There are 4 protein chains.
Amino acid sequence: MIGIGVIGYGYWGPNLVRNFAECQGAAVRVVCDQRPERLELVTRRYPGVQVTSSPSDVCVDPSVDAVVIATPVDRHFELALEALRAGKHVLVEKPMAASSDLAARLIDEAAARRLVLMVDHTFVYTGAVRKMRELTQGGELGDIYYYDSVRINLGLFQHDVSVLWDLAVHDLAIMDYVLSERPVAVSATGLAHVTGRPPNIAYMSMFFDGNLIAHVHANWLSPVKVRRTLLGGSRRMVVFDDLEASEKVKVYDRGISVNPSPENVYQMLIGYRTGDMWAPQLAVTEALSVEAAHFVDCVTNSRVPLTDGEAGWRVVRLLEAATESMKKQGQLVSLDGVRA
Amino acid sequence: MIGIGVIGYGYWGPNLVRNFAECQGAAVRVVCDQRPERLELVTRRYPGVQVTSSPSDVCVDPSVDAVVIATPVDRHFELALEALRAGKHVLVEKPMAASSDLAARLIDEAAARRLVLMVDHTFVYTGAVRKMRELTQGGELGDIYYYDSVRINLGLFQHDVSVLWDLAVHDLAIMDYVLSERPVAVSATGLAHVTGRPPNIAYMSMFFDGNLIAHVHANWLSPVKVRRTLLGGSRRMVVFDDLEASEKVKVYDRGISVNPSPENVYQMLIGYRTGDMWAPQLAVTEALSVEAAHFVDCVTNSRVPLTDGEAGWRVVRLLEAATESMKKQGQLVSLDGVRA
Amino acid sequence: MIGIGVIGYGYWGPNLVRNFAECQGAAVRVVCDQRPERLELVTRRYPGVQVTSSPSDVCVDPSVDAVVIATPVDRHFELALEALRAGKHVLVEKPMAASSDLAARLIDEAAARRLVLMVDHTFVYTGAVRKMRELTQGGELGDIYYYDSVRINLGLFQHDVSVLWDLAVHDLAIMDYVLSERPVAVSATGLAHVTGRPPNIAYMSMFFDGNLIAHVHANWLSPVKVRRTLLGGSRRMVVFDDLEASEKVKVYDRGISVNPSPENVYQMLIGYRTGDMWAPQLAVTEALSVEAAHFVDCVTNSRVPLTDGEAGWRVVRLLEAATESMKKQGQLVSLDGVRA
Amino acid sequence: MIGIGVIGYGYWGPNLVRNFAECQGAAVRVVCDQRPERLELVTRRYPGVQVTSSPSDVCVDPSVDAVVIATPVDRHFELALEALRAGKHVLVEKPMAASSDLAARLIDEAAARRLVLMVDHTFVYTGAVRKMRELTQGGELGDIYYYDSVRINLGLFQHDVSVLWDLAVHDLAIMDYVLSERPVAVSATGLAHVTGRPPNIAYMSMFFDGNLIAHVHANWLSPVKVRRTLLGGSRRMVVFDDLEASEKVKVYDRGISVNPSPENVYQMLIGYRTGDMWAPQLAVTEALSVEAAHFVDCVTNSRVPLTDGEAGWRVVRLLEAATESMKKQGQLVSLDGVRA
């Protein structure tokens, strides 16, 4: 039985507690929050769980094997570090840390102590995203041409981070899981409509070594909610619309065929292909439930999580580079392919 | 009666001929195309109209008062110039010319000869776009925060121009008409998936002097067709979906309110507003029919067209700048606010 | 403080308990179910609430002022009757009873004892349905011409009741609240695709004294889920689509105008009107929370509920008549305008 | 070369003329209409085609082999009869005739003279409906459980026929082609909202010998346009939405499985199946072009048309029976399985 301590019982914490509470092989031991009314709520819902306002209580608790961190991003590093140093496995909210350097230090700390460090890239555990990876990695889509994602709504303006760190982080985590290739450079643009706040609308292009481009549009000031990803391949193309009740993933047998011209070998003839569309049946288990079980399995059997510290670092590095590019109105920012 | 000569009877030419044929105060006198089978088609459809394979025949024809040019973009300049020099008014397809310099020379030529020079920015003559301008310029939307447009489909790859010159040109023409502000700089990214061809997927951000950002996504390699523009204002927001059979324009009474915090004057409290949505009834006249009548009116009464040479120049200048930025992977390219 | 006892903790019971638990002026005292595992769940969630497997325990409990009945329909009558006889107010699930006679006996019992008898017609307490009533009764729609509702999905086949009693009951309850007129006759058709089961697909037409027709299509065997009501008036028309995330209610300024012909007074000229569409902002409070508060208010202040026993009776009477007509393949069945 | 004469150049006639004009093996010889301005339009568009205001001119014209009749329904019989008696093959608009008796007389006349008699059930020649028949007849859907169609819009009120004869006729023609089974009885309801006019809203249930039910909802007074058919089978289900730009036909691998209970052989256990959805690529040729070629082929090679007089008769018989039932508010009207 893996003992779980949860730090942060705000918006997402309750979902984590609920899923670990129902997860076989795990038991929630203690929940930490600074607001007394949140702790009262925990006690009402889970009479047997301890509560505390001090994160250190969680880290030193001998009944706790693993610490789950669901606080604002600027506290991720210090809390995760304290937990790792106390010998606890860690599952931390996304984005993993406020900078890629801090993320790297957590990876090193966990590696040195042979502890599991996992990042809560929730979408990776949905049936839809797993299907997209399966189609991509299994070659069904052919060569990947582009990845285009739109995540917009009338959203909660954050005080300290831009819309990229709040919304685009989901797309970057999905992209990191679905694609084999890694971006090598970023160009981003955006604007803040409230004086003194970070940008609330942002566009982010990513370049790769091969014939692939990726783009994310994130916006907190849209009158309509859109959650749509296009994934274009040379053989087939995918539309993932997360707002569809069913048929979230549609696979289109559409594209172009490029052939040398019979008259001129330097010229290309482009043909069009439009075939069937197919919406595969998807697993409907709640993503967080799959993720909780995966974390418990990694801790129990010393496995590397699907969304490990490296994945978390890559996503933070992208956000960092995009933030830098956005300040320079689209100027290209290179990414190191590997972590220093 | 204004005599009309049409050069180019390919994809768009037949629509122009049909609308001018039905336009009061105008008469189509001659149609020019290099393909005999296209001219045969003209003769079958319009027995009284002359045909020719030589554009010069159109320009020297004394029964022709105005020349309509519907050829590939790389021939726009020479044909328009010839027509103007022959003393004919000109309506030219979009984009107006292959470069802003060429566009400027046409403007000067027309001005010197006091001839009407109009660009076929067709969308400007739709009920939907007129309503968007009315809402924007009438103050209903408040300050304009962003203009975001997506125009993607499995489209006809062009040999010589990128997807920006083929698809984004529509969005730039609409934007030019709807907004009062003009972009001052562009950052664009894109990729060509067919070797030797111009980019078939492109993203284009535009900056303005004020608190406004614009973005266009154009893609010839999308499995689904999307034609959607978001126009965000401080008071209201608009969604224009051209694929909606009715309700193409929806106005949302949604947004944020920003107030100084009572505790801290340097901090802002952000509130959310979600009110009614409203889809105004739109004029359903075919845009090209409105546009033909407008051109005839401008020629007859010496008026300046809504989509004059200057508008055409501004759109070409944007495409040019975006093409340059795209080659440099998003590097900012400044626009001169006024034509040199 | 109104003490609440809930009988039935299956599919809907937990929602009722949760809402009464959070309802000011009410306290859930005891929950009854025959399955021990359901009672364990209650205890875990609400440690302070008593549990029992005997409905009579609920009825005799002096701390209970009102009994909420969420069992299969065939037990509604006996349980509601026992509760009323024990002097408790009653809120009973829809359909109110297995026959209109039984429903009538409950009304009489409650009246004789001056107790509140309310039926859980949940939709009546949604913002969408309240808006539809407001539009209808306020005259905005003009004369009501038709009410057309589709409620289909791949649904849970019931053992004992047809799809009308399971799905159409919602539409009848909404219609009863929204319209002023009452149906006077019913013609229904349907079919059972599983031998020995009641019909799983059904169509139900309702006639009124005036120029109004209503129709409900209910189906448990549809591959897609549809929840759509059209409400046609002489001045405006409404579409209520419950699956829309926002804009559930749309009001269309569309219709026909009928004028005597200038040439022939016996002939009518029909004109068409298509104006704006308008989606009013709707209250987003959970319907059951509004309903629970309304029930508590009715009990506390001796008010007549919006969805009283009479409304419950009218809906059961319609279901009964439709069932009879369905057996006779559409033969008209008259309804008594008033309860005997 | 089959010479074609067309009677009626109103709403649909121009489409027929255009398609026969482009049809290989056919030539349009003469067009008849009573309105001079319509004939002028013909002459302008087709200078080589004769025009006349007298239908008899068409029937006696020796250059005419086949007569196409596109007039209001009340003239179909006399005109078709005249053409047949003059030895011409006939293609007649739907509904075939104003009564099933008149339709039968046309069938007999054509049979006696060995002439082709075809009814313009246009939808039968669409890729979508052909695919539906293929799926149904090929067994992919299993046993057919229900056919449900909705065809509503703000439509042109007809003077003389109800909405069933104007809109539902399409659904009955499609159903006649797609299903193997034939209805044996009809129950219909409806209402006229304009005094003195036929019903503008109608509901029509059809019963079959087997375990199948069909229903059509037609409405001229709907604020929104709907064209949607559900076809439920024991193995798979189809949704045909004619307003979808692409993916008009979707095949759902969904349904129920019915098994005897292990405990009680008289009880059934119902399971649910939800699998993939699949949208087959459809032929995009204009239906009327396919139909024109089919008619020419039937005339040239003495074949029986897919939509022959018998199909036309069956649809008229259904409309007739529905009209009768509608007058009696849903009373069942039996259909003779075979034509007398």
# chains A, B, ... in the order shown; residues from 1 in each chain; ligands from 1
$ residues_around --residues "Val169 (chain B)" --least-positions-apart "3" --cutoff "8 Å" --atoms "only C-alpha atoms" --output "PyMOL selection string"
chain B and resi 94-95+164-166+172-173+315+319
$ write_last_selection --atoms "all heavy atoms" --output "short mmCIF file (atom, residue, chain, number, x, y, z; two decimals), in the first residue's frame"
data_model
loop_
_atom_site.label_atom_id
_atom_site.label_comp_id
_atom_site.auth_asym_id
_atom_site.auth_seq_id
_atom_site.Cartn_x
_atom_site.Cartn_y
_atom_site.Cartn_z
N LYS B 94 -7.74 39.91 -56.81
CA LYS B 94 -6.83 39.98 -55.66
C LYS B 94 -5.88 38.77 -55.71
O LYS B 94 -6.32 37.73 -56.20
CB LYS B 94 -7.60 39.98 -54.35
CG LYS B 94 -8.71 38.95 -54.27
CD LYS B 94 -8.91 38.08 -53.16
CE LYS B 94 -8.71 36.66 -53.59
NZ LYS B 94 -9.34 36.23 -54.82
N PRO B 95 -4.66 38.79 -55.27
CA PRO B 95 -3.99 40.01 -54.83
C PRO B 95 -3.77 40.92 -56.02
O PRO B 95 -3.56 40.44 -57.14
CB PRO B 95 -2.67 39.51 -54.26
CG PRO B 95 -2.77 38.02 -54.23
CD PRO B 95 -3.82 37.61 -55.20
N LEU B 164 -0.43 31.83 -48.36
CA LEU B 164 -0.81 33.18 -47.89
C LEU B 164 -1.42 34.00 -49.02
O LEU B 164 -2.44 34.66 -48.84
CB LEU B 164 0.42 33.91 -47.34
CG LEU B 164 0.96 33.45 -45.98
CD1 LEU B 164 2.23 34.22 -45.63
CD2 LEU B 164 -0.09 33.65 -44.89
N TRP B 165 -0.77 33.97 -50.19
CA TRP B 165 -1.27 34.75 -51.32
C TRP B 165 -2.59 34.18 -51.86
O TRP B 165 -3.34 34.88 -52.52
CB TRP B 165 -0.22 34.78 -52.45
CG TRP B 165 0.97 35.59 -52.09
CD1 TRP B 165 1.95 35.26 -51.20
CD2 TRP B 165 1.30 36.91 -52.58
NE1 TRP B 165 2.88 36.27 -51.11
CE2 TRP B 165 2.51 37.30 -51.95
CE3 TRP B 165 0.70 37.79 -53.49
CZ2 TRP B 165 3.14 38.52 -52.19
CZ3 TRP B 165 1.33 39.01 -53.74
CH2 TRP B 165 2.53 39.38 -53.10
N ASP B 166 -2.86 32.92 -51.58
CA ASP B 166 -4.07 32.27 -52.10
C ASP B 166 -5.24 32.34 -51.11
O ASP B 166 -6.35 32.66 -51.49
CB ASP B 166 -3.76 30.81 -52.40
CG ASP B 166 -4.96 30.06 -52.92
OD1 ASP B 166 -5.59 30.54 -53.89
OD2 ASP B 166 -5.29 28.99 -52.36
N LEU B 172 -6.87 39.20 -45.02
CA LEU B 172 -6.24 40.52 -44.97
C LEU B 172 -7.14 41.58 -45.59
O LEU B 172 -7.24 42.71 -45.11
CB LEU B 172 -4.88 40.47 -45.68
CG LEU B 172 -3.90 39.45 -45.09
CD1 LEU B 172 -2.58 39.49 -45.85
CD2 LEU B 172 -3.66 39.68 -43.60
N ALA B 173 -7.84 41.20 -46.65
CA ALA B 173 -8.76 42.14 -47.30
C ALA B 173 -9.93 42.45 -46.37
O ALA B 173 -10.37 43.60 -46.26
CB ALA B 173 -9.26 41.56 -48.62
N VAL B 315 -2.88 45.28 -48.79
CA VAL B 315 -2.95 43.82 -48.67
C VAL B 315 -1.70 43.18 -49.28
O VAL B 315 -1.11 42.26 -48.70
CB VAL B 315 -4.25 43.30 -49.33
CG1 VAL B 315 -4.20 41.79 -49.50
CG2 VAL B 315 -5.46 43.71 -48.50
N LEU B 319 1.25 40.82 -47.51
CA LEU B 319 1.64 39.51 -48.01
C LEU B 319 3.14 39.46 -48.27
O LEU B 319 3.82 38.47 -47.96
CB LEU B 319 0.88 39.20 -49.31
CG LEU B 319 -0.62 38.95 -49.14
CD1 LEU B 319 -1.29 38.92 -50.51
CD2 LEU B 319 -0.88 37.66 -48.38
#
$ interface_residues --of "chain C" --to "chain A" --cutoff "10 Å" --atoms "only C-alpha atoms" --output "VMD selection string"
chain C and resid 44 to 47 224 to 225 243 245 to 246
$ closest_residue --among "D:Val251, D:Leu154, D:Cys59, D:Leu167" --to "Asp276 (chain D)" --atoms "only C-alpha atoms"
D:Val251
$ atom_distance --atom1 "CA of Thr71 (chain A)" --atom2 "CA of Met204 (chain A)"
25.8 Å
$ atom_distance --atom1 "CA of Trp12 (chain B)" --atom2 "CA of Val92 (chain B)"
11.6 Å
$ residues_around --residues "Glu109 (chain A)" --least-positions-apart "3" --cutoff "8 Å" --atoms "only C-alpha atoms" --output "PDB file with all heavy atoms, in the first residue's frame"
ATOM      1  N   LEU A  81      11.410  19.514  -4.201  1.00  0.00           N
ATOM      2  CA  LEU A  81      12.763  19.281  -3.705  1.00  0.00           C
ATOM      3  C   LEU A  81      12.725  18.792  -2.257  1.00  0.00           C
ATOM      4  O   LEU A  81      13.409  17.827  -1.896  1.00  0.00           O
ATOM      5  CB  LEU A  81      13.580  20.579  -3.806  1.00  0.00           C
ATOM      6  CG  LEU A  81      15.083  20.409  -3.567  1.00  0.00           C
ATOM      7  CD1 LEU A  81      15.721  19.617  -4.720  1.00  0.00           C
ATOM      8  CD2 LEU A  81      15.768  21.775  -3.446  1.00  0.00           C
ATOM      9  N   LEU A  84      11.517  15.176  -2.234  1.00  0.00           N
ATOM     10  CA  LEU A  84      12.546  14.241  -2.727  1.00  0.00           C
ATOM     11  C   LEU A  84      13.642  14.069  -1.667  1.00  0.00           C
ATOM     12  O   LEU A  84      14.086  12.941  -1.383  1.00  0.00           O
ATOM     13  CB  LEU A  84      13.153  14.760  -4.037  1.00  0.00           C
ATOM     14  CG  LEU A  84      12.229  14.735  -5.264  1.00  0.00           C
ATOM     15  CD1 LEU A  84      12.848  15.532  -6.412  1.00  0.00           C
ATOM     16  CD2 LEU A  84      11.938  13.294  -5.711  1.00  0.00           C
ATOM     17  N   ARG A  85      14.064  15.182  -1.087  1.00  0.00           N
ATOM     18  CA  ARG A  85      15.112  15.113  -0.062  1.00  0.00           C
ATOM     19  C   ARG A  85      14.670  14.317   1.146  1.00  0.00           C
ATOM     20  O   ARG A  85      15.485  13.727   1.850  1.00  0.00           O
ATOM     21  CB  ARG A  85      15.514  16.530   0.349  1.00  0.00           C
ATOM     22  CG  ARG A  85      16.359  17.190  -0.724  1.00  0.00           C
ATOM     23  CD  ARG A  85      16.889  18.522  -0.266  1.00  0.00           C
ATOM     24  NE  ARG A  85      17.804  19.052  -1.279  1.00  0.00           N
ATOM     25  CZ  ARG A  85      18.181  20.341  -1.363  1.00  0.00           C
ATOM     26  NH1 ARG A  85      17.715  21.208  -0.476  1.00  0.00           N
ATOM     27  NH2 ARG A  85      19.019  20.724  -2.313  1.00  0.00           N
ATOM     28  N   ARG A 105      17.015  20.422 -11.982  1.00  0.00           N
ATOM     29  CA  ARG A 105      17.538  20.101 -10.646  1.00  0.00           C
ATOM     30  C   ARG A 105      16.666  19.045  -9.963  1.00  0.00           C
ATOM     31  O   ARG A 105      17.171  18.183  -9.246  1.00  0.00           O
ATOM     32  CB  ARG A 105      17.634  21.367  -9.804  1.00  0.00           C
ATOM     33  CG  ARG A 105      18.851  22.231 -10.238  1.00  0.00           C
ATOM     34  CD  ARG A 105      18.857  23.583  -9.592  1.00  0.00           C
ATOM     35  NE  ARG A 105      18.956  23.487  -8.127  1.00  0.00           N
ATOM     36  CZ  ARG A 105      18.804  24.546  -7.318  1.00  0.00           C
ATOM     37  NH1 ARG A 105      18.580  25.753  -7.826  1.00  0.00           N
ATOM     38  NH2 ARG A 105      18.897  24.390  -6.013  1.00  0.00           N
ATOM     39  N   LEU A 106      15.386  19.097 -10.221  1.00  0.00           N
ATOM     40  CA  LEU A 106      14.500  18.063  -9.645  1.00  0.00           C
ATOM     41  C   LEU A 106      14.795  16.696 -10.258  1.00  0.00           C
ATOM     42  O   LEU A 106      14.811  15.674  -9.554  1.00  0.00           O
ATOM     43  CB  LEU A 106      13.035  18.432  -9.879  1.00  0.00           C
ATOM     44  CG  LEU A 106      12.507  19.674  -9.130  1.00  0.00           C
ATOM     45  CD1 LEU A 106      11.045  19.915  -9.492  1.00  0.00           C
ATOM     46  CD2 LEU A 106      12.663  19.493  -7.615  1.00  0.00           C
ATOM     47  N   ALA A 112      19.389  10.802  -8.386  1.00  0.00           N
ATOM     48  CA  ALA A 112      20.407  10.484  -7.375  1.00  0.00           C
ATOM     49  C   ALA A 112      19.816   9.618  -6.264  1.00  0.00           C
ATOM     50  O   ALA A 112      20.493   8.762  -5.686  1.00  0.00           O
ATOM     51  CB  ALA A 112      20.970  11.787  -6.803  1.00  0.00           C
ATOM     52  N   ARG A 113      18.566   9.841  -5.973  1.00  0.00           N
ATOM     53  CA  ARG A 113      17.926   9.120  -4.866  1.00  0.00           C
ATOM     54  C   ARG A 113      17.106   7.932  -5.349  1.00  0.00           C
ATOM     55  O   ARG A 113      16.409   7.305  -4.556  1.00  0.00           O
ATOM     56  CB  ARG A 113      17.013  10.086  -4.111  1.00  0.00           C
ATOM     57  CG  ARG A 113      17.768  11.218  -3.439  1.00  0.00           C
ATOM     58  CD  ARG A 113      16.850  12.223  -2.785  1.00  0.00           C
ATOM     59  NE  ARG A 113      17.603  13.303  -2.186  1.00  0.00           N
ATOM     60  CZ  ARG A 113      18.104  13.248  -0.923  1.00  0.00           C
ATOM     61  NH1 ARG A 113      17.872  12.199  -0.164  1.00  0.00           N
ATOM     62  NH2 ARG A 113      18.809  14.268  -0.463  1.00  0.00           N
TER      63      ARG A 113
END
$ residues_around --residues "Leu117 (chain C)" --least-positions-apart "6" --cutoff "7 Å" --atoms "only C-alpha atoms" --output "list in words"
His89, Val90, Leu91, Ala110, Asp308 and Gly309 of chain C
$ select_by_dssp --residues "region 10-234 of chain A" --states "strand (DSSP E or B)" --output "PyMOL selection string"
chain A and resi 26-32+50-52+66-69+89-93+117-120+144-154+185-191+201-207+213-219+221-233
$ select_by_dssp --residues "region 75-302 of chain D" --states "helix (DSSP H, G or I)" --output "PyMOL selection string"
chain D and resi 75-85+100-113+122-125+127-137+163-178+287-301
$ residues_around --residues "Val49 (chain D)" --least-positions-apart "5" --cutoff "9 Å" --atoms "only C-alpha atoms" --output "PDB file with all heavy atoms, in the first residue's frame"
ATOM      1  N   VAL D  28     -31.804  17.982 -76.089  1.00  0.00           N
ATOM      2  CA  VAL D  28     -33.065  18.655 -75.769  1.00  0.00           C
ATOM      3  C   VAL D  28     -33.572  19.329 -77.039  1.00  0.00           C
ATOM      4  O   VAL D  28     -32.866  20.130 -77.651  1.00  0.00           O
ATOM      5  CB  VAL D  28     -32.862  19.692 -74.641  1.00  0.00           C
ATOM      6  CG1 VAL D  28     -34.175  20.417 -74.353  1.00  0.00           C
ATOM      7  CG2 VAL D  28     -32.344  19.007 -73.373  1.00  0.00           C
ATOM      8  N   ARG D  29     -34.785  18.968 -77.449  1.00  0.00           N
ATOM      9  CA  ARG D  29     -35.350  19.505 -78.711  1.00  0.00           C
ATOM     10  C   ARG D  29     -36.283  20.670 -78.463  1.00  0.00           C
ATOM     11  O   ARG D  29     -36.289  21.636 -79.201  1.00  0.00           O
ATOM     12  CB  ARG D  29     -36.143  18.409 -79.435  1.00  0.00           C
ATOM     13  CG  ARG D  29     -35.413  17.122 -79.685  1.00  0.00           C
ATOM     14  CD  ARG D  29     -34.272  17.283 -80.693  1.00  0.00           C
ATOM     15  NE  ARG D  29     -33.765  15.969 -81.091  1.00  0.00           N
ATOM     16  CZ  ARG D  29     -32.600  15.780 -81.671  1.00  0.00           C
ATOM     17  NH1 ARG D  29     -31.784  16.820 -81.906  1.00  0.00           N
ATOM     18  NH2 ARG D  29     -32.189  14.577 -81.998  1.00  0.00           N
ATOM     19  N   VAL D  30     -37.124  20.543 -77.446  1.00  0.00           N
ATOM     20  CA  VAL D  30     -38.162  21.555 -77.254  1.00  0.00           C
ATOM     21  C   VAL D  30     -38.478  21.691 -75.759  1.00  0.00           C
ATOM     22  O   VAL D  30     -38.422  20.715 -75.013  1.00  0.00           O
ATOM     23  CB  VAL D  30     -39.428  21.193 -78.082  1.00  0.00           C
ATOM     24  CG1 VAL D  30     -39.920  19.794 -77.724  1.00  0.00           C
ATOM     25  CG2 VAL D  30     -40.546  22.212 -77.898  1.00  0.00           C
ATOM     26  N   VAL D  31     -38.778  22.923 -75.370  1.00  0.00           N
ATOM     27  CA  VAL D  31     -39.167  23.203 -73.993  1.00  0.00           C
ATOM     28  C   VAL D  31     -40.490  23.959 -74.023  1.00  0.00           C
ATOM     29  O   VAL D  31     -40.677  24.869 -74.826  1.00  0.00           O
ATOM     30  CB  VAL D  31     -38.100  24.041 -73.262  1.00  0.00           C
ATOM     31  CG1 VAL D  31     -38.593  24.479 -71.874  1.00  0.00           C
ATOM     32  CG2 VAL D  31     -36.801  23.263 -73.126  1.00  0.00           C
ATOM     33  N   VAL D  42     -35.153  30.387 -71.856  1.00  0.00           N
ATOM     34  CA  VAL D  42     -34.686  29.167 -72.531  1.00  0.00           C
ATOM     35  C   VAL D  42     -33.933  29.534 -73.806  1.00  0.00           C
ATOM     36  O   VAL D  42     -32.820  29.050 -74.055  1.00  0.00           O
ATOM     37  CB  VAL D  42     -35.870  28.238 -72.880  1.00  0.00           C
ATOM     38  CG1 VAL D  42     -35.398  27.055 -73.722  1.00  0.00           C
ATOM     39  CG2 VAL D  42     -36.588  27.760 -71.617  1.00  0.00           C
ATOM     40  N   THR D  43     -34.525  30.422 -74.572  1.00  0.00           N
ATOM     41  CA  THR D  43     -33.922  30.799 -75.857  1.00  0.00           C
ATOM     42  C   THR D  43     -32.562  31.458 -75.642  1.00  0.00           C
ATOM     43  O   THR D  43     -31.610  31.192 -76.376  1.00  0.00           O
ATOM     44  CB  THR D  43     -34.868  31.763 -76.601  1.00  0.00           C
ATOM     45  OG1 THR D  43     -36.121  31.110 -76.784  1.00  0.00           O
ATOM     46  CG2 THR D  43     -34.281  32.159 -77.951  1.00  0.00           C
TER      47      THR D  43
END
$ closest_residue --among "A:Leu141, A:Val67, A:Leu221, A:Leu332" --to "Ile2 (chain A)" --atoms "only C-alpha atoms"
A:Val67
$ residues_around --residues "region 55-58 of chain C" --least-positions-apart "6" --cutoff "10 Å" --atoms "only C-alpha atoms" --output "list in words"
Ile4, Gly5, Val6, Ile7, Gly8, Arg29, Val30, Val31, Cys32, Asp33, Gln34, Val64, Asp65, Ala66, Val67, Val68, Ile69, Leu79, Glu82, Ala83, Ala86 and Lys88 of chain C
$ residues_around --residues "Asp101 (chain D)" --least-positions-apart "6" --cutoff "12 Å" --atoms "only C-alpha atoms" --output "PyMOL selection string"
chain D and resi 77+107-108+310+312-314+316-317+320+339-340
$ atom_distance --atom1 "CA of Gly330 (chain D)" --atom2 "CA of Tyr272 (chain C)"
29.6 Å
$ decode --residues "region 195-207 of chain D" --atoms "N, CA and C atoms" --output "short mmCIF file (atom, residue, chain, number, x, y, z; two decimals), in the first residue's frame"
data_model
loop_
_atom_site.label_atom_id
_atom_site.label_comp_id
_atom_site.auth_asym_id
_atom_site.auth_seq_id
_atom_site.Cartn_x
_atom_site.Cartn_y
_atom_site.Cartn_z
N THR D 195 -55.71 29.17 -42.37
CA THR D 195 -57.06 28.74 -42.66
C THR D 195 -57.25 28.49 -44.15
N GLY D 196 -57.79 27.36 -44.47
CA GLY D 196 -58.11 27.07 -45.87
C GLY D 196 -56.96 26.42 -46.62
N ARG D 197 -55.83 26.29 -45.99
CA ARG D 197 -54.70 25.64 -46.63
C ARG D 197 -54.56 24.21 -46.10
N PRO D 198 -53.85 23.36 -46.85
CA PRO D 198 -53.61 22.01 -46.34
C PRO D 198 -52.60 22.06 -45.19
N PRO D 199 -52.49 20.98 -44.43
CA PRO D 199 -51.57 20.95 -43.28
C PRO D 199 -50.15 21.33 -43.66
N ASN D 200 -49.51 22.17 -42.80
CA ASN D 200 -48.13 22.59 -43.03
C ASN D 200 -47.16 21.90 -42.07
N ILE D 201 -47.70 21.11 -41.14
CA ILE D 201 -46.87 20.31 -40.25
C ILE D 201 -47.51 18.93 -40.19
N ALA D 202 -46.70 17.89 -40.32
CA ALA D 202 -47.29 16.55 -40.37
C ALA D 202 -46.32 15.51 -39.83
N TYR D 203 -46.91 14.49 -39.21
CA TYR D 203 -46.18 13.36 -38.67
C TYR D 203 -46.81 12.09 -39.22
N MET D 204 -45.98 11.17 -39.65
CA MET D 204 -46.50 10.01 -40.38
C MET D 204 -45.76 8.77 -39.90
N SER D 205 -46.50 7.85 -39.27
CA SER D 205 -45.93 6.57 -38.84
C SER D 205 -46.33 5.49 -39.82
N MET D 206 -45.40 4.59 -40.13
CA MET D 206 -45.70 3.48 -41.04
C MET D 206 -45.37 2.15 -40.37
N PHE D 207 -46.30 1.21 -40.52
CA PHE D 207 -46.12 -0.12 -39.95
C PHE D 207 -45.82 -1.12 -41.05
#
